[in-house]
Structure formats: structure tokens, C-alpha cells
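**Student:** This one is protein-v3.txt, compact mmCIF, C-alpha atoms.
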```
# COMPACT_ATOMS: atom_id res chain seq x y z
CA MET A 97 0.00 0.00 0.00
CA PRO A 98 1.27 3.50 -0.77
CA ALA A 99 1.99 5.94 2.04
CA ARG A 100 -0.19 9.06 2.02
CA TYR A 101 1.23 12.52 2.75
CA SER A 102 -0.92 15.61 3.26
CA TYR A 103 0.41 18.98 2.16
CA GLY A 104 -2.61 21.03 3.27
CA ALA A 105 -5.80 20.96 5.27
CA ASP A 106 -8.15 20.21 2.37
CA PRO A 107 -8.94 16.49 1.80
CA ASN A 108 -7.72 16.84 -1.79
CA GLN A 109 -4.31 18.14 -0.78
CA TYR A 110 -2.33 14.93 -0.61
CA ALA A 111 0.05 12.68 -2.50
CA GLU A 112 0.71 8.96 -2.27
CA LEU A 113 4.22 7.57 -2.39
CA TYR A 114 4.72 4.24 -4.16
CA LEU A 115 8.05 2.64 -3.33
CA PRO A 116 9.50 -0.18 -5.42
CA ARG A 117 10.57 -3.38 -3.75
CA GLN A 118 13.92 -2.91 -5.42
CA ARG A 119 14.94 0.52 -6.66
CA LYS A 120 16.50 0.42 -10.09
CA TYR A 121 16.38 4.16 -10.77
CA ALA A 122 17.37 7.16 -8.71
CA GLY A 123 15.01 10.10 -8.35
CA VAL A 124 11.21 10.21 -8.33
CA ALA A 125 8.43 10.24 -10.91
CA VAL A 126 5.62 12.68 -10.12
CA VAL A 127 2.32 11.45 -11.60
CA ILE A 128 -0.27 14.17 -12.26
CA HIS A 129 -3.68 12.94 -13.37
CA GLY A 130 -5.98 14.60 -15.87
CA GLY A 131 -9.73 14.95 -16.26
CA TYR A 132 -9.92 18.48 -17.67
CA TRP A 133 -9.34 19.83 -14.14
CA ARG A 134 -12.82 18.71 -13.05
CA SER A 135 -13.55 17.48 -9.54
CA ARG A 136 -15.07 14.15 -10.57
CA TYR A 137 -11.69 12.93 -11.81
CA THR A 138 -9.30 11.99 -9.03
CA ALA A 139 -5.84 10.64 -8.31
CA GLN A 140 -7.23 7.15 -8.81
CA LEU A 141 -6.45 7.76 -12.48
CA GLY A 142 -2.79 7.99 -11.59
CA ALA A 143 -2.69 4.99 -9.22
CA PRO A 144 -2.17 2.29 -11.89
CA LEU A 145 0.63 4.31 -13.47
CA SER A 146 2.29 4.81 -10.09
CA GLU A 147 2.03 1.10 -9.32
CA ASP A 148 3.51 0.26 -12.71
CA LEU A 149 6.42 2.65 -12.28
CA ALA A 150 7.14 1.19 -8.85
CA ALA A 151 7.08 -2.29 -10.39
CA HIS A 152 9.80 -1.07 -12.76
CA GLY A 153 12.00 0.20 -9.94
CA VAL A 154 10.90 3.84 -9.72
CA ALA A 155 9.61 5.70 -6.68
CA ALA A 156 6.35 7.35 -7.77
CA TRP A 157 4.52 10.32 -6.21
CA ASN A 158 0.84 10.24 -7.19
CA LEU A 159 -0.36 13.80 -6.70
CA GLU A 160 -3.89 14.92 -5.90
CA TYR A 161 -5.01 18.55 -5.98
CA ARG A 162 -8.13 20.67 -5.72
CA ARG A 163 -10.02 20.74 -9.01
CA ALA A 164 -12.64 23.03 -10.50
CA GLY A 165 -15.90 22.42 -8.67
CA ASP A 166 -14.16 21.32 -5.48
CA GLY A 167 -12.20 24.35 -4.33
CA GLY A 168 -9.79 24.39 -7.27
CA GLY A 169 -9.28 26.37 -10.44
CA TRP A 170 -7.23 29.54 -10.67
CA PRO A 171 -5.14 30.01 -8.57
CA GLU A 172 -5.80 27.18 -6.12
CA THR A 173 -4.97 24.26 -8.40
CA PHE A 174 -1.63 25.81 -9.34
CA GLU A 175 -0.77 26.46 -5.71
CA ASP A 176 -1.66 22.86 -4.85
CA VAL A 177 0.44 21.32 -7.60
CA SER A 178 3.38 23.46 -6.56
CA ALA A 179 2.99 22.63 -2.86
CA GLY A 180 2.36 18.98 -3.63
CA ILE A 181 5.57 18.64 -5.60
CA ASP A 182 7.53 20.45 -2.90
CA ALA A 183 6.09 18.13 -0.26
CA LEU A 184 8.34 15.51 -1.84
CA ALA A 185 11.23 17.00 0.14
CA ALA A 186 9.95 15.66 3.46
CA ALA A 187 9.00 12.26 2.03
CA ALA A 188 12.36 11.96 0.32
CA ALA A 189 14.20 12.65 3.55
CA GLU A 190 12.15 9.97 5.31
CA HIS A 191 12.89 7.34 2.66
CA SER A 192 16.37 8.44 1.54
CA LEU A 193 15.19 9.34 -1.96
CA ASP A 194 17.49 11.26 -4.29
CA LEU A 195 15.72 14.37 -5.64
CA SER A 196 18.44 15.34 -8.09
CA ALA A 197 16.16 13.85 -10.75
CA VAL A 198 12.40 14.45 -10.56
CA VAL A 199 10.41 13.65 -13.69
CA ALA A 200 6.76 14.61 -14.05
CA LEU A 201 4.37 12.35 -15.96
CA GLY A 202 1.14 14.24 -16.66
CA HIS A 203 -1.89 13.18 -18.68
CA SER A 204 -4.22 15.61 -20.46
CA ALA A 205 -4.94 18.43 -17.97
CA GLY A 206 -2.22 16.86 -15.86
CA GLY A 207 0.15 17.41 -18.75
CA GLN A 208 -0.66 21.11 -18.64
CA LEU A 209 0.02 21.18 -14.91
CA ALA A 210 3.25 19.19 -15.26
CA VAL A 211 4.72 21.44 -17.95
CA TRP A 212 3.56 24.51 -16.04
CA ALA A 213 5.25 23.23 -12.89
CA ALA A 214 8.54 22.80 -14.76
CA GLY A 215 8.61 26.56 -15.30
CA ARG A 216 8.01 27.64 -11.70
CA ASP A 217 11.58 28.89 -11.33
CA ALA A 218 10.91 31.59 -13.91
CA MET A 219 7.58 32.74 -12.47
CA PRO A 220 7.52 36.32 -11.20
CA PRO A 221 7.41 36.75 -7.40
CA GLY A 222 3.86 36.55 -6.13
CA ALA A 223 2.58 34.40 -9.01
CA PRO A 224 0.86 31.14 -8.04
CA GLY A 225 3.48 28.47 -7.50
CA SER A 226 6.47 30.78 -7.87
CA TYR A 227 9.53 30.10 -5.78
CA GLY A 228 9.29 33.68 -4.56
CA ARG A 229 6.09 32.91 -2.62
CA ARG A 230 8.03 30.88 -0.08
CA GLY A 231 8.82 32.73 3.12
CA ALA A 232 11.41 31.92 5.73
CA GLY A 233 10.90 28.45 7.11
CA GLY A 234 8.70 27.40 4.17
CA PRO A 235 9.16 24.16 2.24
CA ALA A 236 12.15 23.88 -0.04
CA ALA A 237 11.34 24.00 -3.73
CA VAL A 238 11.66 20.67 -5.56
CA PRO A 239 12.44 21.47 -9.21
CA LEU A 240 11.46 19.14 -12.02
CA THR A 241 14.23 17.88 -14.28
CA ALA A 242 12.08 16.59 -17.17
CA VAL A 243 8.42 16.30 -18.19
CA VAL A 244 6.58 13.61 -20.11
CA SER A 245 3.31 15.12 -21.31
CA GLN A 246 0.66 12.57 -22.30
CA ALA A 247 -1.66 14.43 -24.66
CA GLY A 248 -1.23 17.52 -22.55
CA VAL A 249 -3.42 20.60 -22.93
CA LEU A 250 -0.41 22.78 -23.68
CA ASP A 251 -2.02 25.69 -25.53
CA LEU A 252 -4.76 27.11 -23.32
CA ARG A 253 -5.73 29.88 -25.72
CA GLN A 254 -6.38 27.39 -28.50
CA ALA A 255 -8.16 25.01 -26.12
CA MET A 256 -10.35 27.90 -24.98
CA ALA A 257 -11.16 28.93 -28.56
CA LEU A 258 -12.08 25.35 -29.47
CA GLY A 259 -14.25 24.96 -26.38
CA LEU A 260 -12.60 21.65 -25.56
CA SER A 261 -14.62 19.41 -23.24
CA ASP A 262 -17.60 21.77 -23.02
CA GLY A 263 -15.62 24.84 -22.04
CA ALA A 264 -13.21 23.18 -19.62
CA VAL A 265 -10.63 25.98 -19.84
CA GLN A 266 -13.19 28.68 -19.01
CA ASN A 267 -14.40 26.53 -16.13
CA PHE A 268 -10.83 26.15 -14.87
CA ILE A 269 -9.22 29.56 -15.47
CA ARG A 270 -12.47 31.51 -14.85
CA ARG A 271 -11.56 34.20 -17.37
CA SER A 272 -11.12 34.53 -21.11
CA PRO A 273 -7.72 35.37 -22.62
CA GLU A 274 -9.13 38.75 -23.67
CA SER A 275 -10.44 39.69 -20.24
CA ASP A 276 -7.34 38.56 -18.32
CA PRO A 277 -4.28 38.01 -20.55
CA GLU A 278 -1.94 38.03 -17.55
CA ARG A 279 -3.71 35.05 -15.99
CA TYR A 280 -3.23 33.11 -19.21
CA ARG A 281 0.39 34.19 -19.47
CA LEU A 282 1.05 32.69 -16.07
CA ALA A 283 -1.02 29.52 -16.61
CA ASP A 284 -0.41 28.61 -20.25
CA PRO A 285 2.56 26.31 -20.98
CA LEU A 286 2.85 27.68 -24.51
CA GLN A 287 3.48 31.16 -23.13
CA GLN A 288 6.20 29.94 -20.75
CA VAL A 289 8.72 28.74 -23.32
CA PRO A 290 11.60 28.26 -23.19
CA LEU A 291 11.90 25.95 -20.19
CA ARG A 292 15.26 24.86 -18.81
CA VAL A 293 14.27 21.19 -18.76
CA PRO A 294 13.32 18.83 -21.60
CA VAL A 295 9.67 18.24 -22.43
CA TYR A 296 8.53 15.11 -24.25
CA ALA A 297 5.10 15.71 -25.75
CA VAL A 298 3.43 12.37 -26.49
CA TYR A 299 0.11 12.15 -28.30
CA GLY A 300 -2.06 9.32 -29.58
CA ALA A 301 -2.71 9.05 -33.30
CA ALA A 302 -6.40 8.32 -32.64
CA ASP A 303 -6.93 10.88 -29.85
CA THR A 304 -10.26 12.68 -30.19
CA GLU A 305 -10.21 14.33 -26.75
CA VAL A 306 -7.16 16.59 -27.01
CA PRO A 307 -6.08 17.61 -30.53
CA ALA A 308 -2.56 16.71 -31.60
CA ALA A 309 -2.16 20.39 -32.46
CA GLN A 310 -1.83 21.07 -28.73
CA SER A 311 1.41 19.09 -28.54
CA ARG A 312 2.63 20.21 -31.96
CA ALA A 313 2.20 23.90 -31.19
CA TYR A 314 4.05 23.59 -27.90
CA VAL A 315 7.01 21.68 -29.30
CA ALA A 316 7.34 24.03 -32.27
CA ALA A 317 7.34 27.09 -29.99
CA ALA A 318 9.74 25.51 -27.51
CA ARG A 319 12.22 24.53 -30.18
CA ALA A 320 12.02 27.93 -31.82
CA ALA A 321 12.89 29.46 -28.44
CA GLY A 322 15.91 27.19 -28.03
CA ALA A 323 14.44 24.70 -25.55
CA VAL A 324 14.71 20.93 -25.66
CA ALA A 325 11.35 19.48 -26.69
CA GLU A 326 10.37 16.37 -28.59
CA LEU A 327 7.10 15.48 -30.30
CA ILE A 328 6.27 11.77 -30.09
CA ARG A 329 3.36 10.15 -31.92
CA VAL A 330 2.13 6.79 -30.67
CA SER A 331 -0.69 4.49 -31.69
CA GLY A 332 -3.93 4.54 -29.75
CA ASP A 333 -6.40 7.03 -28.35
CA HIS A 334 -6.41 9.49 -25.46
CA PHE A 335 -6.89 6.87 -22.77
CA ASP A 336 -4.45 4.33 -24.17
CA LEU A 337 -1.76 6.69 -22.91
CA ILE A 338 -2.71 5.81 -19.31
CA ASP A 339 -3.61 2.16 -19.88
CA ILE A 340 -0.61 0.30 -18.51
CA HIS A 341 -1.35 -2.64 -20.81
CA ARG A 342 -1.08 -0.56 -24.00
CA GLU A 343 1.95 0.23 -26.14
CA ALA A 344 1.09 3.93 -25.96
CA TYR A 345 1.65 3.93 -22.22
CA ALA A 346 4.77 1.76 -22.52
CA ALA A 347 6.30 4.50 -24.68
CA CYS A 348 5.58 7.04 -21.94
CA ARG A 349 7.06 4.79 -19.29
CA ALA A 350 10.21 4.36 -21.36
CA LEU A 351 10.61 8.14 -21.57
CA VAL A 352 10.32 8.44 -17.79
CA LEU A 353 12.89 5.70 -17.24
CA ASP A 354 15.27 7.24 -19.76
CA ALA A 355 15.10 10.55 -17.85
CA LEU A 356 16.08 8.94 -14.53
CA PRO A 357 19.57 7.76 -13.57
CA VAL A 358 20.10 4.02 -13.24
CA ILE A 359 21.28 2.98 -9.80
```
Reformat the file's structure so that it appears as C-alpha cells.
**Tutor:**
Amino acid sequence: MPARYSYGADPNQYAELYLPRQRKYAGVAVVIHGGYWRSRYTAQLGAPLSEDLAAHGVAAWNLEYRRAGDGGGWPETFEDVSAGIDALAAAAAEHSLDLSAVVALGHSAGGQLAVWAAGRDAMPPGAPGSYGRRGAGGPAAVPLTAVVSQAGVLDLRQAMALGLSDGAVQNFIRRSPESDPERYRLADPLQQVPLRVPVYAVYGAADTEVPAAQSRAYVAAARAAGAVAELIRVSGDHFDLIDIHREAYAACRALVLDALPVI
């Protein structure tokens, strides 16, 4: 059974640590589930992935956060993801985990949050999740060293214009890009390039939930800005990417393992 760690008072502010019987890789994989940021989708989506990673010798941190409709949205979800990743510091000390390599694996909306979290070091002071929000005695920041985005929603402006999932972006961000461009600048992965860590944008050839253009646009912008980003097309649909029995997920797992040092 995984060990649960709370990082706040809300019932949704927790993460579960899955430890392998035998560690084969140093570092930790942070699993961030999707569900278009809606409250009915929970960290249970990330549990099979976390179990699978642990079975392959990786310590996995399955992160839950407040979602839209349950106390989340802007800025709460961003603050939770930031605090939830940083809560790894205490768990790592308890279990002697090496945090020199921390790879995020995020699906769909979780891909947006994972890529966003990789850019926290460049956020202006006072922005949700920025390192500058930590006062004296606060938790140490745990930076990500790579991101594997599984059909991530990486272009919020486009997703908003397309009305993906019945207006999920409007429901999550609570503003339009025209009414609050600064909010989108701080939340949108596409507007945060270049990142200092590699991003692997995986998408399914048969995905009808999140357009492939989301991953393509991000990788093109990241590369143009001088960042390391790779676009990876796999067979299968949106949910094959998180089905541990599918080749689409196996490709994502391989990317996570490749980004972690072998012990």
C-alpha cells in the first residue's frame, strides 16, 4: 500500500508515495492525473501508473489537488500542484530518496500542470506556485528535471477557442484570454517557453479528446525558443496513454525511465 502525505488541510491536498521493492532508478516520478481539471476525476487515475512505475523500480509520487468544482481552479490548483511537488522533500528525507532527478508524468490536464510546474523557477514573485512565494521556514522548492506530457493541454488559448470538453478551460481559469491576458500568461505552458528542462510531448494518433495540435504547437514554440522538446506520436487514443497494458503507455514509461539515472 502506498503511504499518504498531506500537504494542506483540504482532503484533496495529498500525495501517495509508491516505493519499489527494489529501486533500479534514482530520483522520483511525479504522476499528475488529468480529467480536464474537473472534480469528478481523481488521483485514482494515476494509481495504476504509479504502481507500474514502482514495479519497474521507480519511486512514484501520485499527486492529488483541488479541481474546479471542489475548491480548485485559478489560482488554487496551481498552488496545490506546486505545494504537492515540494512536499516531496519531506518524504524523500524519510525514505532516503534522491531528488536530483524528478520527472513529471502528466496526462491531459495533468500534462498542462506538469509542464507549467517545470517553469516555476521563472515565475515572477507573487505568481501562483512561484519560488518567490516561499517565506522563511517554508518548504524547499523541488524542481522538475524533465516532463513527459501525455496528450497535454499545452495551448490554453487554443483550447479555450475550441471549447474543448464543453468549455473546460473557461471553467478552470475563470476568465477569457481577452479579459485577463496576464492570468493566461502565467497559466499557459505555450506562453512559458523556453523551459530549462526537456519536455517530451506524447500524443495518440487516434486521440479525439485533445487535438494533436496542442502538442505540436508547444514543441514548435519551444524549439524555436531554443528549448529541448520532442514530439512523439504513438498508436492509440487518449486513454491508451494511461492504460498500462497498452503500447502507448509503454512508450511514456520508457521516456520516464530514460530521464532517470540508473542505480
**Student:** Output as a Markdown table one row per residue of region 320-349 of chain A within 12 Å of region 128-141 of chain A: the closest atom pair and its distance in Å to one decimal place, counting only C-alpha atoms, sorted by chain and residue number ascending.
**Tutor:**
```
| residue | atom | partner | partner_atom | distance |
| --- | --- | --- | --- | --- |
| A:His334 | CA | A:Gly130 | CA | 10.9 |
| A:Phe335 | CA | A:Leu141 | CA | 10.3 |
| A:Leu337 | CA | A:Gly130 | CA | 11.4 |
| A:Ile338 | CA | A:Leu141 | CA | 8.0 |
| A:Asp339 | CA | A:Leu141 | CA | 9.7 |
| A:Ile340 | CA | A:Leu141 | CA | 11.2 |
```
**Student:** Taking (1.0, 7.6, -6.2) in the file's coordinates as the center, which residues reach within 10 Å of it, counting only C-alpha atoms, put as number ranges by chain?
**Tutor:** A: 97-100, 110-115, 125-128, 139-147, 149-150, 155-160
**Student:** Hey, what's within 7 Å of Ser311 (chain A) if we count all atoms listed in the file and toss same-chain stuff fewer than 3 positions away? As a PyMOL selection string, please?
**Tutor:** chain A and resi 247-248+250+297+308+314-315+327
**Student:** Hey, which of A:Gln246, A:Gln310, A:Ser226, A:Thr241 ends up closest to Pro294 (chain A)? Count only C-alpha atoms.
**Tutor:**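 With only C-alpha atoms as the atom set, the closest residue is A:Thr241.
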**Student:** Nearest to Gly167 (chain A): which of A:Ser204, A:Asn108, A:Tyr280, A:Leu195 is it, counting all atoms listed in the file?
**Tutor:**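 Answer, going by the shortest atom-to-atom distance: A:Asn108.
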